[in-house]
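Some notes on the structure that comes next.
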Amino acid sequence: MQIEGLDALRDQLADLTPTIRAAGFKALKDSAEAIRADAARGVRVDSGNLRNSAKARFYNSQLRAEIGWWDRDDFYAILHEFGTRKIPARPALGPAIEAERTRIAARIQAEVRRALG
């Protein structure tokens, strides 16, 4: 048995890789922004610092994002997320991640379809 056109198919699939990767990164950015916004809405607000300084960092080459607080003045975000002996936990980031977990697959699928359509 011989399959003709296999090399051409392989080349076509290789050409799609950057397109699919770009679509995946777009979906990742959309999900990360949704998590960031949801976490910012869910934090305790005293001065508004945590609400205003939640950020998303992206690593395009790895299709990876990190969402959280990185400024030195934001160290107390972890205290609010997990609580202390004196402060009850009021997580914002964890619930935001869980809420987005149900939507990420649909976001990726929609972006790939859009890119290939």
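Just so we're on the same page: first chain in the structure tokens is A, next is B, and so on; residues restart at 1 for each chain, and ligands are numbered from 1 in the order they show up.
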Shell of 8 Å around region 27-40 of chain A, only C-alpha atoms, local chain residues under 2 positions omitted, as a ChimeraX atom specification: /A:23-25,42-43,50-56,58,63-68,92-93,95-97,100,103-104,107-108,111
Test item, strand (DSSP E or B) assignment across chain A, answer as a PyMOL selection string: chain A and resi 55-59+64-68
Limited to C-alpha atoms, could you put the picked residues into a file as an mmCIF file, in the first residue's frame?
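selection26.cif was written with the following content:
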```
data_model
loop_
_atom_site.group_PDB
_atom_site.id
_atom_site.type_symbol
_atom_site.label_atom_id
_atom_site.label_comp_id
_atom_site.auth_asym_id
_atom_site.auth_seq_id
_atom_site.Cartn_x
_atom_site.Cartn_y
_atom_site.Cartn_z
ATOM 1 C CA LYS A 55 -1.172 41.816 36.236
ATOM 2 C CA ALA A 56 -0.717 39.109 33.655
ATOM 3 C CA ARG A 57 2.733 38.253 32.294
ATOM 4 C CA PHE A 58 3.100 36.302 29.067
ATOM 5 C CA TYR A 59 5.746 33.961 27.727
ATOM 6 C CA ARG A 64 2.367 30.400 29.168
ATOM 7 C CA ALA A 65 0.910 33.158 31.320
ATOM 8 C CA GLU A 66 1.293 34.083 34.966
ATOM 9 C CA ILE A 67 -1.349 36.128 36.719
ATOM 10 C CA GLY A 68 -0.900 37.778 40.082
#
```
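Of the listed residues A:Gln62, A:Asp74, A:Arg90, A:Leu116, the one whose atoms come nearest to Ser47 (chain A) is A:Asp74, with distances taken using only C-alpha atoms.
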If we count only C-alpha atoms, what is near Ile78 (chain A) at a cut-off of 9 Å, once residues fewer than 5 positions away on the same chain are taken out, given as a list of chain:residue names? A:Trp69, A:Gly83, A:Pro91
Residues just named, written with N, CA, C and O atoms as a short mmCIF file (atom, residue, chain, number, x, y, z; two decimals), in the first residue's frame:
```
data_model
loop_
_atom_site.label_atom_id
_atom_site.label_comp_id
_atom_site.auth_asym_id
_atom_site.auth_seq_id
_atom_site.Cartn_x
_atom_site.Cartn_y
_atom_site.Cartn_z
N TRP A 69 0.26 39.30 41.50
CA TRP A 69 0.78 40.57 41.97
C TRP A 69 2.28 40.42 42.18
O TRP A 69 2.72 39.53 42.89
N GLY A 83 -5.13 33.57 53.91
CA GLY A 83 -5.47 33.88 55.28
C GLY A 83 -4.29 33.73 56.22
O GLY A 83 -3.24 33.19 55.86
N PRO A 91 -10.00 34.21 49.19
CA PRO A 91 -9.31 34.01 47.92
C PRO A 91 -9.98 34.74 46.77
O PRO A 91 -11.20 34.82 46.69
#
```
Could you pull out the residues in chain A that DSSP calls helix (DSSP H, G or I) from the backbone, as a VMD selection string? chain A and resid 6 to 42 49 to 53 60 to 62 72 to 74 77 to 82 93 to 101 104 to 116
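Note that the spacing between CA of Ala106 (chain A) and CA of Thr19 (chain A) amounts to 17.4 Å.
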